[in-house]
>>> print(open('run.cif').read())   # mmCIF, C-alpha atoms
data_entry
loop_
_atom_site.label_atom_id
_atom_site.label_comp_id
_atom_site.auth_asym_id
_atom_site.auth_seq_id
_atom_site.Cartn_x
_atom_site.Cartn_y
_atom_site.Cartn_z
CA MET A 1 30.12 -0.75 16.42
CA LYS A 2 30.38 2.99 17.06
CA LEU A 3 29.69 3.62 13.38
CA VAL A 4 26.58 1.40 13.50
CA SER A 5 25.34 3.11 16.67
CA ALA A 6 25.86 6.53 15.11
CA TRP A 7 23.95 5.40 12.01
CA LEU A 8 21.03 4.08 14.08
CA LYS A 9 20.79 7.36 15.99
CA ILE A 10 19.91 9.18 12.77
CA PRO A 11 16.09 9.37 12.43
CA PHE A 12 14.76 6.58 10.23
CA TRP A 13 13.16 8.86 7.64
CA GLN A 14 16.40 10.81 7.20
CA ARG A 15 18.32 7.59 6.52
CA VAL A 16 15.72 6.58 3.91
CA VAL A 17 15.86 10.00 2.23
CA ALA A 18 19.65 9.75 2.14
CA GLY A 19 19.38 6.34 0.47
CA PHE A 20 16.93 7.80 -2.06
CA VAL A 21 19.12 10.79 -2.96
CA LEU A 22 22.32 8.73 -3.19
CA GLY A 23 20.51 6.10 -5.26
CA ALA A 24 19.24 8.75 -7.68
CA LEU A 25 22.75 10.15 -8.04
CA ALA A 26 24.22 6.69 -8.59
CA GLY A 27 21.58 5.87 -11.20
CA TRP A 28 22.25 9.11 -13.04
CA ALA A 29 26.05 8.66 -12.87
CA PHE A 30 26.22 4.98 -13.84
CA GLY A 31 23.33 4.91 -16.32
CA PRO A 32 22.08 1.45 -17.38
CA ALA A 33 24.97 -0.20 -15.50
CA ALA A 34 23.42 0.96 -12.22
CA GLU A 35 20.72 -1.69 -12.53
CA THR A 36 23.40 -4.38 -12.75
CA TRP A 37 25.60 -3.01 -9.97
CA PHE A 38 23.05 -1.74 -7.45
CA GLY A 39 19.74 -3.36 -8.46
CA PRO A 40 20.45 -6.59 -6.49
CA LEU A 41 20.49 -4.56 -3.25
CA GLY A 42 16.92 -3.50 -3.92
CA THR A 43 15.91 -7.02 -4.92
CA LEU A 44 17.41 -8.42 -1.72
CA TYR A 45 15.54 -5.86 0.39
CA VAL A 46 12.16 -6.60 -1.23
CA THR A 47 12.80 -10.33 -0.82
CA LEU A 48 13.54 -9.86 2.89
CA ILE A 49 10.33 -7.89 3.35
CA LYS A 50 8.29 -10.52 1.55
CA MET A 51 10.01 -13.20 3.65
CA ILE A 52 8.58 -11.79 6.88
CA ALA A 53 5.18 -10.62 5.59
CA VAL A 54 3.29 -13.94 5.57
CA PRO A 55 4.41 -15.31 8.97
CA LEU A 56 3.91 -11.84 10.48
CA VAL A 57 0.32 -11.68 9.23
CA PHE A 58 -0.45 -15.32 10.04
CA PHE A 59 0.54 -15.19 13.69
CA ALA A 60 -0.69 -11.63 14.18
CA VAL A 61 -4.20 -12.43 12.87
CA ILE A 62 -4.48 -15.55 15.03
CA ASN A 63 -3.42 -13.55 18.07
CA ALA A 64 -5.67 -10.62 17.12
CA VAL A 65 -8.85 -12.69 16.73
CA ALA A 66 -8.23 -14.43 20.03
CA SER A 67 -7.44 -11.14 21.79
CA LEU A 68 -10.26 -9.02 20.33
CA HIS A 69 -12.91 -11.64 21.10
CA GLY A 70 -15.01 -10.36 23.99
CA GLN A 71 -13.51 -6.86 23.85
CA LYS A 72 -14.73 -5.50 20.52
CA SER A 73 -16.87 -7.29 17.98
CA VAL A 74 -14.59 -8.41 15.18
CA ALA A 75 -17.55 -8.30 12.78
CA ALA A 76 -18.44 -4.73 13.80
CA LEU A 77 -14.83 -3.59 13.42
CA GLY A 78 -14.60 -5.29 10.04
CA GLY A 79 -17.84 -3.69 8.84
CA ARG A 80 -16.76 -0.22 9.91
CA THR A 81 -13.38 -0.74 8.22
CA PHE A 82 -15.06 -1.79 4.95
CA LEU A 83 -17.31 1.31 5.01
CA TRP A 84 -14.28 3.60 5.31
CA PHE A 85 -12.49 1.66 2.57
CA ALA A 86 -15.47 2.32 0.27
CA ALA A 87 -15.91 5.98 1.28
CA THR A 88 -12.26 6.90 0.72
CA ALA A 89 -12.26 4.92 -2.54
CA ALA A 90 -15.17 7.04 -3.84
CA LEU A 91 -13.29 10.21 -2.89
CA ALA A 92 -10.24 8.92 -4.78
CA VAL A 93 -12.27 8.40 -7.97
CA VAL A 94 -13.64 11.94 -7.76
CA VAL A 95 -10.12 13.32 -7.33
CA GLY A 96 -8.85 11.31 -10.32
CA LEU A 97 -11.67 12.45 -12.58
CA SER A 98 -11.31 16.07 -11.44
CA MET A 99 -7.58 16.16 -12.08
CA GLY A 100 -8.07 14.67 -15.54
CA TRP A 101 -10.70 17.28 -16.33
CA LEU A 102 -8.53 20.15 -15.04
CA LEU A 103 -5.16 19.18 -16.58
CA GLN A 104 -6.45 17.37 -19.71
CA PRO A 105 -3.38 15.08 -20.07
CA GLY A 106 -4.73 13.43 -23.23
CA LYS A 107 -5.25 16.61 -25.23
CA GLY A 108 -2.74 17.52 -27.92
CA LEU A 109 -1.09 14.07 -28.04
CA SER A 110 -0.73 11.94 -31.16
CA GLY A 111 1.29 9.07 -32.52
CA LEU A 112 1.64 7.15 -29.24
CA THR A 113 2.64 3.51 -29.69
CA VAL A 114 1.47 0.54 -27.70
CA ALA A 115 4.22 -0.93 -25.51
CA ALA A 116 5.86 -4.07 -26.81
CA GLY A 117 4.44 -7.24 -25.30
CA TYR A 118 1.26 -5.59 -24.07
CA SER A 119 -1.91 -7.69 -24.14
CA VAL A 120 -5.31 -7.04 -22.64
CA ARG A 121 -5.61 -8.57 -19.18
CA GLU A 122 -8.51 -10.91 -18.49
CA VAL A 123 -10.62 -9.64 -15.60
CA PRO A 124 -11.72 -12.44 -13.24
CA THR A 125 -15.36 -12.62 -12.18
CA SER A 126 -16.32 -11.42 -8.69
CA VAL A 127 -17.56 -14.92 -7.89
CA GLN A 128 -14.17 -16.41 -8.77
CA VAL A 129 -12.37 -13.81 -6.65
CA LEU A 130 -14.70 -14.58 -3.72
CA LEU A 131 -14.14 -18.32 -4.07
CA ASP A 132 -10.37 -17.77 -4.19
CA VAL A 133 -10.45 -16.29 -0.68
CA VAL A 134 -10.87 -19.82 0.68
CA PRO A 135 -7.60 -21.78 0.34
CA ALA A 136 -7.83 -25.33 -0.96
CA ASN A 137 -4.43 -25.87 0.63
CA PRO A 138 -3.56 -23.43 3.47
CA PHE A 139 0.11 -24.42 3.36
CA ARG A 140 0.25 -23.53 -0.33
CA ALA A 141 -1.40 -20.19 0.47
CA LEU A 142 1.33 -19.55 3.05
CA THR A 143 4.17 -20.44 0.69
CA GLU A 144 2.73 -18.44 -2.23
CA GLY A 145 1.94 -15.38 -0.11
CA ARG A 146 -1.80 -15.26 -0.85
CA ILE A 147 -2.65 -12.75 1.86
CA LEU A 148 -6.46 -12.95 1.72
CA GLN A 149 -6.28 -16.72 1.99
CA VAL A 150 -3.78 -16.45 4.84
CA ILE A 151 -6.08 -14.01 6.70
CA PHE A 152 -9.08 -16.32 6.19
CA PHE A 153 -7.27 -19.40 7.48
CA ALA A 154 -5.60 -17.58 10.38
CA GLY A 155 -8.97 -16.09 11.36
CA LEU A 156 -10.52 -19.55 11.48
CA VAL A 157 -7.65 -20.81 13.64
CA GLY A 158 -8.08 -17.80 15.96
CA PHE A 159 -11.83 -18.41 16.34
CA ALA A 160 -11.16 -22.10 17.01
CA LEU A 161 -8.75 -21.20 19.80
CA VAL A 162 -11.39 -18.94 21.34
CA LYS A 163 -14.04 -21.66 21.07
CA LEU A 164 -11.77 -24.19 22.81
CA GLY A 165 -11.33 -21.87 25.78
CA GLU A 166 -8.85 -22.98 28.44
CA ARG A 167 -8.00 -26.13 26.51
CA SER A 168 -6.12 -23.96 24.02
CA ALA A 169 -4.57 -21.53 26.52
CA ALA A 170 -1.03 -22.75 25.83
CA LEU A 171 -1.49 -22.51 22.06
CA ARG A 172 -2.95 -18.99 22.34
CA LYS A 173 0.06 -17.98 24.39
CA LEU A 174 2.36 -19.54 21.80
CA ALA A 175 0.62 -17.63 19.00
CA GLY A 176 1.10 -14.39 20.94
CA GLU A 177 4.79 -15.13 21.49
CA ALA A 178 5.24 -16.04 17.82
CA SER A 179 3.59 -12.75 16.84
CA GLU A 180 5.92 -10.76 19.08
CA THR A 181 8.90 -12.66 17.66
CA MET A 182 7.91 -11.77 14.10
CA ILE A 183 7.51 -8.12 15.13
CA GLN A 184 11.08 -8.17 16.40
CA VAL A 185 12.30 -9.81 13.17
CA THR A 186 10.46 -7.06 11.29
CA ARG A 187 12.42 -4.41 13.22
CA PHE A 188 15.67 -6.05 12.15
CA VAL A 189 14.67 -6.20 8.48
CA LEU A 190 13.39 -2.63 8.41
CA GLU A 191 16.87 -1.36 9.26
CA MET A 192 17.80 -2.48 5.73
CA THR A 193 15.36 0.05 4.26
CA PRO A 194 17.91 2.80 3.48
CA LEU A 195 20.19 0.32 1.67
CA GLY A 196 17.23 -1.21 -0.17
CA THR A 197 16.02 2.26 -1.15
CA PHE A 198 19.45 3.06 -2.57
CA GLY A 199 19.46 -0.09 -4.71
CA LEU A 200 15.87 0.26 -5.94
CA ILE A 201 16.16 3.92 -6.93
CA ALA A 202 19.62 3.53 -8.50
CA GLY A 203 18.37 0.62 -10.61
CA LEU A 204 15.21 2.48 -11.61
CA ILE A 205 16.92 5.73 -12.63
CA GLY A 206 19.70 3.87 -14.43
CA ALA A 207 17.35 1.62 -16.42
CA TYR A 208 14.69 4.21 -17.15
CA GLY A 209 16.40 7.49 -17.79
CA PHE A 210 14.03 10.32 -18.58
CA GLU A 211 13.43 9.89 -22.31
CA LYS A 212 10.59 7.40 -21.72
CA LEU A 213 8.70 9.95 -19.65
CA LEU A 214 8.78 12.87 -22.08
CA PRO A 215 5.88 11.92 -24.42
CA LEU A 216 3.58 11.20 -21.47
CA GLY A 217 4.97 13.74 -19.02
CA SER A 218 1.57 15.44 -18.71
CA PHE A 219 -0.05 12.16 -17.63
CA VAL A 220 2.71 11.45 -15.10
CA LEU A 221 2.28 14.96 -13.67
CA ALA A 222 -1.50 14.58 -13.53
CA LEU A 223 -1.27 11.26 -11.67
CA TYR A 224 1.27 12.55 -9.16
CA LEU A 225 -0.79 15.68 -8.50
CA ALA A 226 -4.01 13.67 -8.16
CA CYS A 227 -2.44 11.28 -5.66
CA ALA A 228 -0.86 14.14 -3.70
CA ALA A 229 -4.18 16.01 -3.61
CA HIS A 230 -6.00 12.91 -2.37
CA ILE A 231 -3.43 12.27 0.35
CA VAL A 232 -3.27 15.88 1.57
CA LEU A 233 -6.85 17.06 1.06
CA SER A 234 -9.02 13.93 1.36
CA TYR A 235 -7.03 12.13 4.03
CA GLY A 236 -6.10 15.35 5.82
CA GLY A 237 -9.73 16.49 5.84
CA LEU A 238 -10.94 13.17 7.30
CA LEU A 239 -8.31 13.35 10.03
CA LEU A 240 -9.37 16.89 10.92
CA ALA A 241 -13.01 15.79 11.00
CA HIS A 242 -11.99 13.15 13.55
CA GLY A 243 -10.16 15.71 15.68
CA LEU A 244 -6.73 14.37 14.70
CA ASN A 245 -3.75 16.45 13.59
CA PRO A 246 -2.90 15.46 9.98
CA LEU A 247 0.76 16.44 10.43
CA LYS A 248 1.06 13.92 13.26
CA PHE A 249 -0.42 11.23 11.03
CA PHE A 250 1.91 11.91 8.11
CA ARG A 251 4.90 11.99 10.46
CA GLY A 252 4.00 8.61 11.93
CA ALA A 253 3.03 7.11 8.57
CA ALA A 254 6.17 8.37 6.81
CA PRO A 255 8.14 5.08 7.02
CA GLY A 256 5.30 3.13 5.39
CA MET A 257 4.86 5.80 2.71
CA GLN A 258 8.60 5.83 1.94
CA VAL A 259 8.86 2.04 1.61
CA ALA A 260 5.73 1.98 -0.57
CA PHE A 261 7.16 4.62 -2.91
CA VAL A 262 10.49 2.92 -3.51
CA SER A 263 9.25 -0.69 -3.54
CA SER A 264 6.00 -0.13 -5.52
CA SER A 265 4.44 -3.02 -3.58
CA SER A 266 1.65 -2.90 -1.01
CA PHE A 267 2.58 -6.43 0.01
CA ALA A 268 6.23 -5.51 0.60
CA SER A 269 5.16 -2.37 2.47
CA MET A 270 2.74 -4.20 4.76
CA PRO A 271 5.13 -5.03 7.63
CA VAL A 272 6.35 -1.44 7.94
CA ALA A 273 2.77 -0.15 7.56
CA ILE A 274 1.64 -2.31 10.48
CA ARG A 275 4.62 -1.13 12.48
CA SER A 276 3.89 2.51 11.64
CA VAL A 277 0.23 2.49 12.69
CA THR A 278 0.88 0.65 15.95
CA HIS A 279 4.25 1.93 17.16
CA ASN A 280 4.07 5.44 15.68
CA LEU A 281 0.35 6.24 15.62
CA GLY A 282 -1.06 4.29 18.56
CA VAL A 283 -3.56 1.97 16.83
CA ASP A 284 -4.38 -1.13 18.86
CA LYS A 285 -2.00 -3.83 17.60
CA ASP A 286 -4.64 -6.56 17.52
CA TYR A 287 -6.99 -4.50 15.35
CA ALA A 288 -4.11 -3.34 13.11
CA ALA A 289 -3.02 -6.96 12.66
CA PHE A 290 -6.01 -7.73 10.45
CA ALA A 291 -7.03 -4.23 9.23
CA VAL A 292 -3.71 -3.39 7.54
CA PRO A 293 -3.24 -6.77 5.76
CA LEU A 294 -6.87 -6.62 4.65
CA GLY A 295 -6.24 -3.14 3.28
CA ALA A 296 -3.13 -4.37 1.46
CA SER A 297 -5.43 -6.70 -0.50
CA ILE A 298 -8.49 -4.56 -1.19
CA LYS A 299 -7.67 -0.91 -0.33
CA MET A 300 -6.13 0.52 -3.51
CA ASP A 301 -6.94 4.24 -3.80
CA GLY A 302 -3.99 4.82 -6.13
CA CYS A 303 -4.10 1.69 -8.33
CA GLY A 304 -7.81 0.91 -8.15
CA GLU A 305 -9.46 4.34 -8.13
CA ILE A 306 -7.31 7.35 -9.09
CA TYR A 307 -5.39 5.60 -11.88
CA PRO A 308 -8.42 4.04 -13.67
CA ALA A 309 -10.41 7.28 -13.33
CA LEU A 310 -7.57 9.43 -14.67
CA THR A 311 -6.80 6.91 -17.43
CA SER A 312 -10.45 6.94 -18.52
CA VAL A 313 -10.34 10.70 -18.96
CA PHE A 314 -6.94 10.48 -20.69
CA VAL A 315 -8.14 7.84 -23.16
CA ALA A 316 -11.34 9.77 -23.92
CA GLN A 317 -9.33 12.94 -24.57
CA TYR A 318 -6.71 11.17 -26.71
CA PHE A 319 -9.35 9.57 -28.93
CA GLY A 320 -11.47 12.73 -29.04
CA LEU A 321 -14.43 11.23 -27.16
CA ASP A 322 -16.81 13.11 -24.87
CA LEU A 323 -17.65 11.35 -21.63
CA SER A 324 -21.32 11.44 -20.71
CA VAL A 325 -22.74 11.80 -17.21
CA ASP A 326 -23.68 8.12 -17.33
CA GLN A 327 -20.08 7.17 -18.18
CA TYR A 328 -18.74 9.22 -15.28
CA PHE A 329 -21.12 7.37 -12.96
CA ILE A 330 -20.08 4.01 -14.43
CA ILE A 331 -16.41 4.89 -13.89
CA LEU A 332 -17.14 5.77 -10.25
CA LEU A 333 -19.18 2.62 -9.60
CA ALA A 334 -16.81 0.26 -11.45
CA SER A 335 -13.77 1.67 -9.67
CA VAL A 336 -15.20 1.39 -6.14
CA LEU A 337 -16.86 -2.01 -6.55
CA GLY A 338 -14.12 -3.35 -8.79
CA SER A 339 -11.43 -2.75 -6.17
CA PHE A 340 -13.32 -5.11 -3.85
CA GLY A 341 -14.22 -7.51 -6.66
CA THR A 342 -10.61 -7.95 -7.78
CA ALA A 343 -9.15 -8.20 -4.28
CA GLY A 344 -5.90 -10.12 -4.21
CA VAL A 345 -5.60 -10.35 -8.00
CA PRO A 346 -1.99 -9.79 -9.21
CA GLY A 347 -1.40 -6.62 -11.25
CA THR A 348 -4.28 -4.70 -9.67
CA ALA A 349 -3.68 -1.46 -11.59
CA ILE A 350 -3.83 -3.07 -15.06
CA VAL A 351 -6.78 -5.29 -14.12
CA MET A 352 -8.70 -2.36 -12.66
CA VAL A 353 -8.10 -0.01 -15.57
CA THR A 354 -9.12 -2.80 -17.97
CA LEU A 355 -12.32 -3.33 -16.01
CA VAL A 356 -13.18 0.38 -15.82
CA LEU A 357 -12.45 1.15 -19.48
CA SER A 358 -14.51 -1.88 -20.53
CA ALA A 359 -17.43 -0.83 -18.33
CA ALA A 360 -17.33 2.74 -19.71
CA GLY A 361 -17.03 1.58 -23.32
CA LEU A 362 -13.62 3.18 -23.90
CA PRO A 363 -10.80 1.80 -26.16
CA LEU A 364 -8.64 -0.70 -24.27
CA GLU A 365 -5.59 -0.01 -26.44
CA GLY A 366 -5.19 3.21 -24.47
CA ILE A 367 -3.76 1.10 -21.63
CA GLY A 368 -0.92 -0.06 -23.87
CA TYR A 369 0.33 3.51 -24.27
CA LEU A 370 0.93 3.79 -20.52
CA VAL A 371 2.56 0.41 -19.86
CA ALA A 372 6.02 1.69 -20.83
CA ILE A 373 5.99 4.18 -17.94
CA ASP A 374 4.09 1.97 -15.50
CA ARG A 375 6.99 1.57 -13.05
CA VAL A 376 7.23 5.34 -12.52
CA LEU A 377 3.45 5.62 -12.16
CA ASP A 378 3.36 2.68 -9.76
CA MET A 379 5.61 4.39 -7.22
CA MET A 380 3.08 7.15 -6.52
CA ARG A 381 0.07 4.86 -6.91
CA THR A 382 1.43 2.45 -4.33
CA MET A 383 2.33 5.19 -1.87
CA THR A 384 -1.27 6.39 -2.11
CA ASN A 385 -2.55 2.84 -1.60
CA VAL A 386 -0.46 2.29 1.52
CA THR A 387 -1.24 5.71 2.99
CA GLY A 388 -4.94 4.86 2.74
CA GLN A 389 -4.27 1.43 4.23
CA MET A 390 -2.77 3.18 7.27
CA LEU A 391 -5.37 5.98 7.43
CA VAL A 392 -8.50 3.83 7.75
CA PRO A 393 -7.28 1.87 10.82
CA VAL A 394 -6.45 5.20 12.49
CA LEU A 395 -9.95 6.55 11.78
CA VAL A 396 -11.70 3.38 12.94
CA ALA A 397 -9.47 3.14 16.04
CA LYS A 398 -10.37 6.74 16.91
CA GLU A 399 -14.09 5.99 16.52
CA THR A 400 -13.99 2.79 18.60
CA GLY A 401 -11.61 3.75 21.40
CA LEU A 402 -8.74 1.63 20.06
CA LEU A 403 -6.41 4.58 19.49
CA ASP A 404 -3.78 5.54 22.06
CA ARG A 405 -3.99 9.32 21.73
CA GLY A 406 -0.75 9.83 23.66
CA ILE A 407 1.27 7.80 21.15
CA TYR A 408 -0.50 9.53 18.25
CA GLU A 409 0.34 12.99 19.55
CA ARG A 410 4.01 12.04 19.98
CA ALA A 411 3.96 10.62 16.43
CA SER A 412 7.44 9.11 16.14
CA SER A 413 8.62 8.33 12.62
CA ASN A 414 11.09 5.70 13.81
CA VAL A 415 10.53 1.98 13.25
CA GLY A 416 13.97 0.80 14.30
CA ILE A 417 15.61 -2.04 16.17
CA GLU A 418 16.14 -0.91 19.72
CA GLY A 419 13.39 -2.71 21.56
CA GLY A 420 10.79 -1.07 19.39
CA VAL A 421 10.42 1.82 21.83
CA ARG A 422 13.22 4.19 20.92
CA GLU A 423 11.83 7.62 20.15
CA GLU A 424 13.46 10.37 18.18
CA ALA A 425 15.04 13.18 20.05
#
>>> encode(input="run.cif", output="structure tokens")
Amino acid sequence: MKLVSAWLKIPFWQRVVAGFVLGALAGWAFGPAAETWFGPLGTLYVTLIKMIAVPLVFFAVINAVASLHGQKSVAALGGRTFLWFAATAALAVVVGLSMGWLLQPGKGLSGLTVAAGYSVREVPTSVQVLLDVVPANPFRALTEGRILQVIFFAGLVGFALVKLGERSAALRKLAGEASETMIQVTRFVLEMTPLGTFGLIAGLIGAYGFEKLLPLGSFVLALYLACAAHIVLSYGGLLLAHGLNPLKFFRGAAPGMQVAFVSSSSFASMPVAIRSVTHNLGVDKDYAAFAVPLGASIKMDGCGEIYPALTSVFVAQYFGLDLSVDQYFIILLASVLGSFGTAGVPGTAIVMVTLVLSAAGLPLEGIGYLVAIDRVLDMMRTMTNVTGQMLVPVLVAKETGLLDRGIYERASSNVGIEGGVREEA
């Protein structure tokens, strides 16, 4: 027990970094065998996170709608959140295009081969995506983890509880208690993050090696720099404009960013993202309960904006094509609107880049060249997605008085077990 207590006293982010470094070393030392030996640890961790995500969102949204009713207009909060989703998405496209123009990752390349098994993804219509938000069977939506459908159904249940008034007082209380219970379960699961990080990174390094990255190293570098620039400059600038210290934000958001990077899944990162914005950054928990899950479905600055924009420039350069002003505008419009129009669709990055290249009239086979390194690209893309999913609730909370400035200024980076209130020394 003393060993466990000593381990838990180490700041959360330091434990995750240790898992990352040790995992990288294990992957390098064991080679392909690392995926067999250590990969299951990562798989178990991601499964645990997905296990808690749906019930956490379901009960939290019901409780949030019932709690926010009469305090802040849910519609007004939702509208403001959507506006910031769109504004930051447009900034992300500009950053992606600019980095492609500056670094020119597609110039000087030749002889790239399309990844085995690659086929062009069919892009669903916006109408179909909109219709899919409504679950034909809410229990199936819960079991399959369809987050937008879960949010829709839970929101209806929450509004029904409000409409029933005192007749549903006991059920509203039960929903609140269930939400708190799932938050506590989330704390337990998040303590597995360092071990999960070790397994995920060891398996990735062991299976991948570095030879797959060499031919497209310039594209990998361009994507990582574009995402980093967007996070630091765009997000940091917006925080400064709101009178918030960016360093405090990144400190508080660090657990969500770390989990996103190693898991490459916005869905798997959602519980720790919710925990980070409420416990570490002071966003009202009822607002965060629907803003963060909504962002996990439609807020994709890395996958839906930067990646398609950068890929468009890469493909044009590789095939020796000159992009016109009209094509740049189409890329911007298709990326921003497409991220909303493909909300909840599996494989967002591939679907979005297919949509954008098609809209701009660029060769779709260019996507096949990048599929072989998609896992490495997805780590940074997802971290950018999740950082944006945490940023927007902070901005909206600041604008609407739903941000506890005291918690934000303390900006803990811990999301651990001990009652949910333990702060770092």
>>> closest_residue(input="run.cif", among="A:Leu41, A:Leu22, A:Cys227, A:Val162", to="A:Asp301", atoms="only C-alpha atoms")
A:Cys227
>>> residues_near_point(input="run.cif", point="(25.9, 5.8, -10.7)", cutoff="12 Å", atoms="all atoms listed in the file", output="PyMOL selection string")
chain A and resi 21-39+198-199+201-207+209
>>> residues_around(input="run.cif", residues="A:Asp404", least_positions_apart="3", cutoff="9 Å", atoms="only C-alpha atoms", output="list of chain:residue names")
A:Leu281, A:Gly282, A:Val283, A:Asp284, A:Ala397, A:Lys398, A:Gly401, A:Ile407, A:Tyr408, A:Glu409
>>> atom_distance(input="run.cif", atom1="atom CA of A:Leu337", atom2="atom CA of A:Val93")
11.5 Å
>>> resolve_selection(input="run.cif", expression="the PyMOL selection byres ((chain A and resi 7-19) around 12)", output="PyMOL selection string")
chain A and resi 1-6+20-27+38+41-42+187-188+190-202+250-262+272+276+412-418+422-425
>>> write_last_selection(input="run.cif", atoms="C-alpha atoms", output="mmCIF file, keeping the file's coordinate frame")
data_model
loop_
_atom_site.group_PDB
_atom_site.id
_atom_site.type_symbol
_atom_site.label_atom_id
_atom_site.label_comp_id
_atom_site.auth_asym_id
_atom_site.auth_seq_id
_atom_site.Cartn_x
_atom_site.Cartn_y
_atom_site.Cartn_z
ATOM 1 C CA MET A 1 30.120 -0.750 16.420
ATOM 2 C CA LYS A 2 30.380 2.990 17.060
ATOM 3 C CA LEU A 3 29.690 3.620 13.380
ATOM 4 C CA VAL A 4 26.580 1.400 13.500
ATOM 5 C CA SER A 5 25.340 3.110 16.670
ATOM 6 C CA ALA A 6 25.860 6.530 15.110
ATOM 7 C CA PHE A 20 16.930 7.800 -2.060
ATOM 8 C CA VAL A 21 19.120 10.790 -2.960
ATOM 9 C CA LEU A 22 22.320 8.730 -3.190
ATOM 10 C CA GLY A 23 20.510 6.100 -5.260
ATOM 11 C CA ALA A 24 19.240 8.750 -7.680
ATOM 12 C CA LEU A 25 22.750 10.150 -8.040
ATOM 13 C CA ALA A 26 24.220 6.690 -8.590
ATOM 14 C CA GLY A 27 21.580 5.870 -11.200
ATOM 15 C CA PHE A 38 23.050 -1.740 -7.450
ATOM 16 C CA LEU A 41 20.490 -4.560 -3.250
ATOM 17 C CA GLY A 42 16.920 -3.500 -3.920
ATOM 18 C CA ARG A 187 12.420 -4.410 13.220
ATOM 19 C CA PHE A 188 15.670 -6.050 12.150
ATOM 20 C CA LEU A 190 13.390 -2.630 8.410
ATOM 21 C CA GLU A 191 16.870 -1.360 9.260
ATOM 22 C CA MET A 192 17.800 -2.480 5.730
ATOM 23 C CA THR A 193 15.360 0.050 4.260
ATOM 24 C CA PRO A 194 17.910 2.800 3.480
ATOM 25 C CA LEU A 195 20.190 0.320 1.670
ATOM 26 C CA GLY A 196 17.230 -1.210 -0.170
ATOM 27 C CA THR A 197 16.020 2.260 -1.150
ATOM 28 C CA PHE A 198 19.450 3.060 -2.570
ATOM 29 C CA GLY A 199 19.460 -0.090 -4.710
ATOM 30 C CA LEU A 200 15.870 0.260 -5.940
ATOM 31 C CA ILE A 201 16.160 3.920 -6.930
ATOM 32 C CA ALA A 202 19.620 3.530 -8.500
ATOM 33 C CA PHE A 250 1.910 11.910 8.110
ATOM 34 C CA ARG A 251 4.900 11.990 10.460
ATOM 35 C CA GLY A 252 4.000 8.610 11.930
ATOM 36 C CA ALA A 253 3.030 7.110 8.570
ATOM 37 C CA ALA A 254 6.170 8.370 6.810
ATOM 38 C CA PRO A 255 8.140 5.080 7.020
ATOM 39 C CA GLY A 256 5.300 3.130 5.390
ATOM 40 C CA MET A 257 4.860 5.800 2.710
ATOM 41 C CA GLN A 258 8.600 5.830 1.940
ATOM 42 C CA VAL A 259 8.860 2.040 1.610
ATOM 43 C CA ALA A 260 5.730 1.980 -0.570
ATOM 44 C CA PHE A 261 7.160 4.620 -2.910
ATOM 45 C CA VAL A 262 10.490 2.920 -3.510
ATOM 46 C CA VAL A 272 6.350 -1.440 7.940
ATOM 47 C CA SER A 276 3.890 2.510 11.640
ATOM 48 C CA SER A 412 7.440 9.110 16.140
ATOM 49 C CA SER A 413 8.620 8.330 12.620
ATOM 50 C CA ASN A 414 11.090 5.700 13.810
ATOM 51 C CA VAL A 415 10.530 1.980 13.250
ATOM 52 C CA GLY A 416 13.970 0.800 14.300
ATOM 53 C CA ILE A 417 15.610 -2.040 16.170
ATOM 54 C CA GLU A 418 16.140 -0.910 19.720
ATOM 55 C CA ARG A 422 13.220 4.190 20.920
ATOM 56 C CA GLU A 423 11.830 7.620 20.150
ATOM 57 C CA GLU A 424 13.460 10.370 18.180
ATOM 58 C CA ALA A 425 15.040 13.180 20.050
#
>>> closest_residue(input="run.cif", among="A:Val313, A:Pro271, A:Gly78, A:Leu223", to="A:Gln327", atoms="only C-alpha atoms")
A:Val313
>>> residues_near_point(input="run.cif", point="(0.3, 12.1, -0.8)", cutoff="8 Å", atoms="all atoms listed in the file", output="mmCIF file with C-alpha atoms, in the coordinates of the input")
data_model
loop_
_atom_site.group_PDB
_atom_site.id
_atom_site.type_symbol
_atom_site.label_atom_id
_atom_site.label_comp_id
_atom_site.auth_asym_id
_atom_site.auth_seq_id
_atom_site.Cartn_x
_atom_site.Cartn_y
_atom_site.Cartn_z
ATOM 1 C CA CYS A 227 -2.440 11.280 -5.660
ATOM 2 C CA ALA A 228 -0.860 14.140 -3.700
ATOM 3 C CA ALA A 229 -4.180 16.010 -3.610
ATOM 4 C CA HIS A 230 -6.000 12.910 -2.370
ATOM 5 C CA ILE A 231 -3.430 12.270 0.350
ATOM 6 C CA VAL A 232 -3.270 15.880 1.570
ATOM 7 C CA MET A 383 2.330 5.190 -1.870
ATOM 8 C CA THR A 384 -1.270 6.390 -2.110
ATOM 9 C CA THR A 387 -1.240 5.710 2.990
#
